[in-house]
$ cat data.pdb   # PDB, C-alpha atoms, pLDDT in the B column
ATOM      1  CA  MET T   1       5.187   7.162 -13.768  1.00 98.00           C
ATOM      2  CA  ARG T   2       6.747   7.092 -10.271  1.00 98.00           C
ATOM      3  CA  LEU T   3       4.647   5.277  -7.673  1.00 98.00           C
ATOM      4  CA  LEU T   4       4.688   5.348  -3.890  1.00 98.00           C
ATOM      5  CA  ILE T   5       3.040   2.285  -2.360  1.00 98.00           C
ATOM      6  CA  THR T   6       2.082   2.263   1.313  1.00 98.00           C
ATOM      7  CA  SER T   7      -0.410   0.774   3.740  1.00 98.00           C
ATOM      8  CA  ASP T   8      -1.267   0.402   7.403  1.00 97.00           C
ATOM      9  CA  THR T   9      -0.270   3.887   8.508  1.00 97.00           C
ATOM     10  CA  HIS T  10      -2.341   3.597  11.725  1.00 95.00           C
ATOM     11  CA  VAL T  11      -1.970   7.262  12.696  1.00 94.00           C
ATOM     12  CA  PRO T  12      -2.299   8.237  15.536  1.00 91.00           C
ATOM     13  CA  LYS T  13      -2.569   4.795  17.167  1.00 88.00           C
ATOM     14  CA  ARG T  14       0.804   3.323  16.085  1.00 83.00           C
ATOM     15  CA  ALA T  15       2.594   6.614  15.364  1.00 89.00           C
ATOM     16  CA  ARG T  16       1.862  10.270  15.989  1.00 90.00           C
ATOM     17  CA  GLU T  17       2.589  11.173  12.372  1.00 93.00           C
ATOM     18  CA  LEU T  18       3.851   9.808   9.101  1.00 96.00           C
ATOM     19  CA  PRO T  19       7.635   9.524   8.759  1.00 96.00           C
ATOM     20  CA  ASP T  20       9.349  12.464   7.030  1.00 96.00           C
ATOM     21  CA  GLU T  21      10.981  10.092   4.520  1.00 97.00           C
ATOM     22  CA  LEU T  22       7.563   8.795   3.464  1.00 97.00           C
ATOM     23  CA  LEU T  23       6.183  12.322   3.071  1.00 97.00           C
ATOM     24  CA  ALA T  24       9.193  13.280   0.938  1.00 97.00           C
ATOM     25  CA  ALA T  25       8.502  10.238  -1.257  1.00 98.00           C
ATOM     26  CA  VAL T  26       4.872  11.380  -1.627  1.00 98.00           C
ATOM     27  CA  GLU T  27       6.146  14.680  -3.045  1.00 96.00           C
ATOM     28  CA  ARG T  28       8.289  12.855  -5.647  1.00 97.00           C
ATOM     29  CA  ALA T  29       5.573  10.385  -6.732  1.00 98.00           C
ATOM     30  CA  ASP T  30       3.212  10.784  -9.641  1.00 98.00           C
ATOM     31  CA  ALA T  31       0.714   8.535  -7.836  1.00 98.00           C
ATOM     32  CA  VAL T  32       0.345   7.244  -4.280  1.00 98.00           C
ATOM     33  CA  LEU T  33      -1.342   3.902  -3.621  1.00 98.00           C
ATOM     34  CA  HIS T  34      -2.511   3.321  -0.025  1.00 98.00           C
ATOM     35  CA  ALA T  35      -3.936  -0.082   0.923  1.00 98.00           C
ATOM     36  CA  GLY T  36      -5.927   0.942   3.994  1.00 97.00           C
ATOM     37  CA  ASP T  37      -5.810   1.092   7.784  1.00 97.00           C
ATOM     38  CA  TRP T  38      -5.425   4.855   7.948  1.00 97.00           C
ATOM     39  CA  VAL T  39      -7.269   5.024  11.304  1.00 96.00           C
ATOM     40  CA  ASP T  40      -7.797   8.809  11.118  1.00 95.00           C
ATOM     41  CA  THR T  41      -9.185  11.095   8.436  1.00 97.00           C
ATOM     42  CA  ALA T  42      -6.412  13.666   9.035  1.00 96.00           C
ATOM     43  CA  THR T  43      -3.875  11.323   7.402  1.00 97.00           C
ATOM     44  CA  LEU T  44      -6.160  10.877   4.400  1.00 98.00           C
ATOM     45  CA  ASP T  45      -6.571  14.674   4.200  1.00 98.00           C
ATOM     46  CA  LEU T  46      -2.789  15.097   4.349  1.00 97.00           C
ATOM     47  CA  LEU T  47      -2.105  12.648   1.520  1.00 98.00           C
ATOM     48  CA  GLU T  48      -4.963  14.010  -0.588  1.00 97.00           C
ATOM     49  CA  ALA T  49      -3.420  17.478  -0.250  1.00 98.00           C
ATOM     50  CA  ARG T  50       0.154  16.376  -1.030  1.00 97.00           C
ATOM     51  CA  ALA T  51      -0.238  13.595  -3.602  1.00 98.00           C
ATOM     52  CA  ARG T  52      -0.568  14.381  -7.284  1.00 98.00           C
ATOM     53  CA  ARG T  53      -2.909  11.395  -7.481  1.00 98.00           C
ATOM     54  CA  LEU T  54      -4.131   9.168  -4.642  1.00 98.00           C
ATOM     55  CA  ILE T  55      -5.564   5.694  -5.174  1.00 98.00           C
ATOM     56  CA  ALA T  56      -6.704   4.381  -1.802  1.00 98.00           C
ATOM     57  CA  VAL T  57      -9.028   2.049   0.079  1.00 98.00           C
ATOM     58  CA  TYR T  58     -10.248   1.611   3.631  1.00 98.00           C
ATOM     59  CA  GLY T  59      -9.028  -1.163   5.915  1.00 97.00           C
ATOM     60  CA  ASN T  60     -10.495  -3.168   8.773  1.00 96.00           C
ATOM     61  CA  ASN T  61      -9.382  -0.565  11.362  1.00 96.00           C
ATOM     62  CA  ASP T  62     -10.995   2.338   9.519  1.00 97.00           C
ATOM     63  CA  GLY T  63     -14.237   3.727  10.867  1.00 97.00           C
ATOM     64  CA  PRO T  64     -17.314   5.210   9.212  1.00 98.00           C
ATOM     65  CA  GLY T  65     -15.655   8.528   8.309  1.00 97.00           C
ATOM     66  CA  LEU T  66     -12.987   6.833   6.204  1.00 98.00           C
ATOM     67  CA  ARG T  67     -15.364   4.220   4.808  1.00 98.00           C
ATOM     68  CA  ALA T  68     -17.644   7.007   3.594  1.00 98.00           C
ATOM     69  CA  ARG T  69     -14.749   8.514   1.596  1.00 98.00           C
ATOM     70  CA  LEU T  70     -12.902   5.422   0.378  1.00 98.00           C
ATOM     71  CA  PRO T  71     -13.889   2.224  -1.451  1.00 98.00           C
ATOM     72  CA  GLU T  72     -13.112  -1.337  -0.364  1.00 98.00           C
ATOM     73  CA  VAL T  73     -11.390  -1.947  -3.719  1.00 98.00           C
ATOM     74  CA  ALA T  74      -9.866   0.739  -5.965  1.00 98.00           C
ATOM     75  CA  ARG T  75      -8.755   0.343  -9.566  1.00 98.00           C
ATOM     76  CA  ALA T  76      -6.635   2.557 -11.799  1.00 98.00           C
ATOM     77  CA  GLU T  77      -4.613   2.367 -14.976  1.00 98.00           C
ATOM     78  CA  LEU T  78      -1.094   3.657 -14.409  1.00 98.00           C
ATOM     79  CA  GLY T  79       1.689   3.546 -16.971  1.00 98.00           C
ATOM     80  CA  GLY T  80      -0.236   1.123 -19.139  1.00 98.00           C
ATOM     81  CA  LEU T  81      -0.855  -1.335 -16.270  1.00 98.00           C
ATOM     82  CA  ARG T  82      -4.147  -2.206 -14.577  1.00 98.00           C
ATOM     83  CA  PHE T  83      -3.723  -1.734 -10.807  1.00 98.00           C
ATOM     84  CA  GLY T  84      -6.015  -2.772  -7.993  1.00 98.00           C
ATOM     85  CA  VAL T  85      -5.761  -1.818  -4.334  1.00 98.00           C
ATOM     86  CA  VAL T  86      -7.413  -3.754  -1.500  1.00 98.00           C
ATOM     87  CA  HIS T  87      -6.671  -4.072   2.200  1.00 97.00           C
ATOM     88  CA  GLU T  88      -7.124  -7.769   3.021  1.00 94.00           C
ATOM     89  CA  THR T  89      -6.344 -10.831   0.904  1.00 91.00           C
ATOM     90  CA  GLY T  90      -6.555 -13.565   3.546  1.00 87.00           C
ATOM     91  CA  ALA T  91      -3.946 -16.074   4.669  1.00 89.00           C
ATOM     92  CA  ALA T  92      -0.544 -16.192   2.968  1.00 87.00           C
ATOM     93  CA  GLN T  93      -1.064 -19.808   1.929  1.00 91.00           C
ATOM     94  CA  GLY T  94      -2.943 -19.798  -1.368  1.00 91.00           C
ATOM     95  CA  ARG T  95      -2.953 -15.985  -1.591  1.00 91.00           C
ATOM     96  CA  TRP T  96      -1.636 -15.760  -5.145  1.00 88.00           C
ATOM     97  CA  ARG T  97      -4.266 -18.227  -6.391  1.00 91.00           C
ATOM     98  CA  ARG T  98      -7.170 -16.514  -4.581  1.00 93.00           C
ATOM     99  CA  CYS T  99      -6.107 -13.085  -5.809  1.00 94.00           C
ATOM    100  CA  ALA T 100      -5.624 -14.246  -9.396  1.00 93.00           C
ATOM    101  CA  GLU T 101      -9.150 -15.717  -9.330  1.00 93.00           C
ATOM    102  CA  ARG T 102     -10.706 -12.644  -7.677  1.00 94.00           C
ATOM    103  CA  PHE T 103      -8.896 -10.089  -9.849  1.00 96.00           C
ATOM    104  CA  PRO T 104      -8.398 -11.680 -13.303  1.00 95.00           C
ATOM    105  CA  ASP T 105      -8.525  -8.259 -14.978  1.00 96.00           C
ATOM    106  CA  LEU T 106      -5.520  -6.773 -13.098  1.00 98.00           C
ATOM    107  CA  ASP T 107      -1.801  -6.674 -13.756  1.00 98.00           C
ATOM    108  CA  VAL T 108      -0.805  -5.535 -10.242  1.00 98.00           C
ATOM    109  CA  LEU T 109      -2.617  -5.901  -6.911  1.00 98.00           C
ATOM    110  CA  VAL T 110      -1.478  -3.805  -3.944  1.00 98.00           C
ATOM    111  CA  PHE T 111      -2.652  -5.027  -0.541  1.00 97.00           C
ATOM    112  CA  GLY T 112      -1.937  -4.492   3.143  1.00 97.00           C
ATOM    113  CA  HIS T 113      -3.188  -5.762   6.498  1.00 96.00           C
ATOM    114  CA  SER T 114      -0.334  -8.088   7.512  1.00 94.00           C
ATOM    115  CA  HIS T 115       2.417  -5.435   7.778  1.00 94.00           C
ATOM    116  CA  ILE T 116       4.622  -8.044   6.071  1.00 94.00           C
ATOM    117  CA  PRO T 117       6.307  -6.877   2.852  1.00 96.00           C
ATOM    118  CA  TRP T 118       5.420  -9.130  -0.059  1.00 94.00           C
ATOM    119  CA  ASP T 119       6.371  -9.163  -3.736  1.00 97.00           C
ATOM    120  CA  THR T 120       5.432 -12.153  -5.832  1.00 94.00           C
ATOM    121  CA  THR T 121       3.927 -12.964  -9.187  1.00 95.00           C
ATOM    122  CA  ALA T 122       1.030 -15.402  -9.469  1.00 91.00           C
ATOM    123  CA  GLU T 123       0.586 -17.910 -12.258  1.00 88.00           C
ATOM    124  CA  GLY T 124      -0.972 -15.952 -15.062  1.00 90.00           C
ATOM    125  CA  GLY T 125       1.170 -12.894 -14.295  1.00 95.00           C
ATOM    126  CA  LEU T 126      -0.665 -10.995 -11.519  1.00 97.00           C
ATOM    127  CA  ARG T 127       1.967  -9.127  -9.474  1.00 97.00           C
ATOM    128  CA  LEU T 128       1.135  -8.993  -5.753  1.00 97.00           C
ATOM    129  CA  LEU T 129       2.693  -6.209  -3.660  1.00 98.00           C
ATOM    130  CA  ASN T 130       2.401  -5.520   0.058  1.00 97.00           C
ATOM    131  CA  PRO T 131       4.528  -2.564   1.201  1.00 98.00           C
ATOM    132  CA  GLY T 132       4.421  -3.452   4.907  1.00 97.00           C
ATOM    133  CA  SER T 133       3.837  -0.496   7.232  1.00 97.00           C
ATOM    134  CA  PRO T 134       5.804   2.753   7.554  1.00 97.00           C
ATOM    135  CA  THR T 135       4.705   3.187  11.183  1.00 96.00           C
ATOM    136  CA  ASP T 136       4.260  -0.261  12.750  1.00 93.00           C
ATOM    137  CA  ARG T 137       6.756  -3.017  12.019  1.00 90.00           C
ATOM    138  CA  ARG T 138       4.987  -5.566  14.240  1.00 87.00           C
ATOM    139  CA  ARG T 139       7.275  -8.607  14.112  1.00 87.00           C
ATOM    140  CA  GLN T 140       9.199  -7.384  11.072  1.00 91.00           C
ATOM    141  CA  PRO T 141      12.742  -6.023  11.428  1.00 92.00           C
ATOM    142  CA  TYR T 142      11.863  -2.664   9.827  1.00 95.00           C
ATOM    143  CA  ARG T 143       9.033  -0.260   9.102  1.00 97.00           C
ATOM    144  CA  THR T 144       8.688  -0.174   5.309  1.00 97.00           C
ATOM    145  CA  TYR T 145       7.095   1.237   2.177  1.00 98.00           C
ATOM    146  CA  MET T 146       7.636   0.619  -1.557  1.00 98.00           C
ATOM    147  CA  THR T 147       8.335   2.629  -4.663  1.00 98.00           C
ATOM    148  CA  ALA T 148       8.108   1.524  -8.288  1.00 98.00           C
ATOM    149  CA  VAL T 149       7.942   2.835 -11.820  1.00 98.00           C
ATOM    150  CA  ALA T 150       5.033   1.993 -14.120  1.00 98.00           C
ATOM    151  CA  ALA T 151       5.635   2.786 -17.784  1.00 98.00           C
ATOM    152  CA  HIS T 152       4.853   1.288 -21.173  1.00 98.00           C
ATOM    153  CA  GLY T 153       2.930  -1.593 -19.613  1.00 98.00           C
ATOM    154  CA  GLN T 154       5.789  -2.672 -17.346  1.00 97.00           C
ATOM    155  CA  LEU T 155       6.452  -2.364 -13.616  1.00 98.00           C
ATOM    156  CA  THR T 156      10.127  -1.716 -12.928  1.00 98.00           C
ATOM    157  CA  GLU T 157      12.389  -0.420 -10.181  1.00 98.00           C
ATOM    158  CA  VAL T 158      10.235  -2.004  -7.463  1.00 98.00           C
ATOM    159  CA  ALA T 159      12.041  -1.166  -4.230  1.00 98.00           C
ATOM    160  CA  LEU T 160      11.293  -1.888  -0.588  1.00 98.00           C
ATOM    161  CA  HIS T 161      12.438   1.016   1.589  1.00 98.00           C
ATOM    162  CA  ARG T 162      13.386   0.352   5.192  1.00 97.00           C
ATOM    163  CA  LEU T 163      12.824   3.168   7.641  1.00 95.00           C
ATOM    164  CA  PRO T 164      15.246   3.689  10.520  1.00 87.00           C
ATOM    165  CA  PRO T 165      14.139   2.926  14.061  1.00 82.00           C
ATOM    166  CA  ARG T 166      12.225   5.723  15.735  1.00 75.00           C
ATOM    167  CA  PRO T 167      14.217   7.682  18.309  1.00 68.00           C
TER     168      PRO T 167
END
$ encode --input "data.pdb" --output "structure tokens"
Amino acid sequence: MRLLITSDTHVPKRARELPDELLAAVERADAVLHAGDWVDTATLDLLEARARRLIAVYGNNDGPGLRARLPEVARAELGGLRFGVVHETGAAQGRWRRCAERFPDLDVLVFGHSHIPWDTTAEGGLRLLNPGSPTDRRRQPYRTYMTAVAAHGQLTEVALHRLPPRP
């Protein structure tokens, strides 16, 4: 199962639209995981229309319209793995421990908020993934998103994709 993992799209505040490369990746994915901070419902509508399957949550910048349509935490089984999606996980220090305690029933937790790509495994085996942001790099060198393959209870081919600077 091919996965596209993204977060913090912030359309139209940080970008007018989603990058073409990200939209092409949506078309190739069997499931799209979005860890919140959409900002507008049009972006949610777009991904709902294009994604084969969308697993998504709201973030701290998402208003009542998005919060009415999306949960704070989403869970799904994909390729034999138990995934969770949440926007915020708190400070980087101690993150893996807090997340492992909060989500003991998951294999993979996708989160956002910081715009800082993150891939680590907590004691006990919980994989923590933050794809960064495809529209707002903040203090990072690139705008980013992730892809991965979930199959037979394993997560493989986890890749961080760097988007070129906007013209």
$ resolve_selection --input "data.pdb" --expression "the PyMOL selection byres ((chain T and resi 125) around 12)" --output "PyMOL selection string"
chain T and resi 81-82+96-97+99-101+103-109+120-124+126-128+154-155
$ write_last_selection --input "data.pdb" --atoms "C-alpha atoms" --output "compact mmCIF listing (two decimals), keeping the file's coordinate frame"
# COMPACT_ATOMS: atom_id res chain seq x y z
CA LEU T 81 -0.86 -1.34 -16.27
CA ARG T 82 -4.15 -2.21 -14.58
CA TRP T 96 -1.64 -15.76 -5.14
CA ARG T 97 -4.27 -18.23 -6.39
CA CYS T 99 -6.11 -13.08 -5.81
CA ALA T 100 -5.62 -14.25 -9.40
CA GLU T 101 -9.15 -15.72 -9.33
CA PHE T 103 -8.90 -10.09 -9.85
CA PRO T 104 -8.40 -11.68 -13.30
CA ASP T 105 -8.52 -8.26 -14.98
CA LEU T 106 -5.52 -6.77 -13.10
CA ASP T 107 -1.80 -6.67 -13.76
CA VAL T 108 -0.80 -5.54 -10.24
CA LEU T 109 -2.62 -5.90 -6.91
CA THR T 120 5.43 -12.15 -5.83
CA THR T 121 3.93 -12.96 -9.19
CA ALA T 122 1.03 -15.40 -9.47
CA GLU T 123 0.59 -17.91 -12.26
CA GLY T 124 -0.97 -15.95 -15.06
CA LEU T 126 -0.66 -11.00 -11.52
CA ARG T 127 1.97 -9.13 -9.47
CA LEU T 128 1.14 -8.99 -5.75
CA GLN T 154 5.79 -2.67 -17.35
CA LEU T 155 6.45 -2.36 -13.62
$ atom_distance --input "data.pdb" --atom1 "CA of Leu4 (chain T)" --atom2 "CA of Leu23 (chain T)"
10.0 Å
$ closest_atom_pairs --input "data.pdb" --of "region 77-155 of chain T" --to "region 161-165 of chain T" --cutoff "10 Å" --atoms "all atoms listed in the file" --output "CSV"
residue,atom,partner,partner_atom,distance
T:Pro131,CA,T:His161,CA,8.7
T:Gly132,CA,T:Arg162,CA,9.7
T:Ser133,CA,T:Leu163,CA,9.7
T:Pro134,CA,T:Leu163,CA,7.0
T:Thr135,CA,T:Leu163,CA,8.9
T:Arg137,CA,T:Pro165,CA,9.7
T:Pro141,CA,T:Arg162,CA,8.9
T:Tyr142,CA,T:Arg162,CA,5.7
T:Arg143,CA,T:Leu163,CA,5.3
T:Thr144,CA,T:Arg162,CA,4.7
T:Tyr145,CA,T:His161,CA,5.4
T:Met146,CA,T:His161,CA,5.8
T:Thr147,CA,T:His161,CA,7.7
$ resolve_selection --input "data.pdb" --expression "the PyMOL selection byres ((chain T and resi 86-93) around 7)" --output "list in words"
Ala35, Gly36, Val57, Tyr58, Gly59, Glu72, Val73, Ala74, Gly84, Val85, Gly94, Arg95, Val110, Phe111, Gly112 and His113 of chain T
$ residues_around --input "data.pdb" --residues "Thr43 (chain T)" --least-positions-apart "5" --cutoff "12 Å" --atoms "only C-alpha atoms" --output "PyMOL selection string"
chain T and resi 7-13+15-19+23+34+36-38+48-51+56+62+66
$ closest_atom_pairs --input "data.pdb" --of "region 65-93 of chain T" --to "region 24-32 of chain T" --cutoff "12 Å" --atoms "only C-alpha atoms" --output "Markdown table"
| residue | atom | partner | partner_atom | distance |
| --- | --- | --- | --- | --- |
| T:Ala76 | CA | T:Ala31 | CA | 10.3 |
| T:Glu77 | CA | T:Ala31 | CA | 10.8 |
| T:Leu78 | CA | T:Ala31 | CA | 8.4 |
| T:Gly79 | CA | T:Asp30 | CA | 10.4 |
| T:Phe83 | CA | T:Ala31 | CA | 11.6 |
| T:Val85 | CA | T:Val32 | CA | 10.9 |
$ atom_distance --input "data.pdb" --atom1 "CA of Ile5 (chain T)" --atom2 "CA of Leu129 (chain T)"
8.6 Å
$ atom_distance --input "data.pdb" --atom1 "CA of Leu22 (chain T)" --atom2 "CA of Leu47 (chain T)"
10.6 Å
$ axis_aligned_box --input "data.pdb" --around "region 57-69 of chain T" --padding-each-side "8 Å" --output "JSON"
{"center_x": -13.3, "center_y": 2.7, "center_z": 5.7, "size_x": 24.6, "size_y": 27.7, "size_z": 27.3}
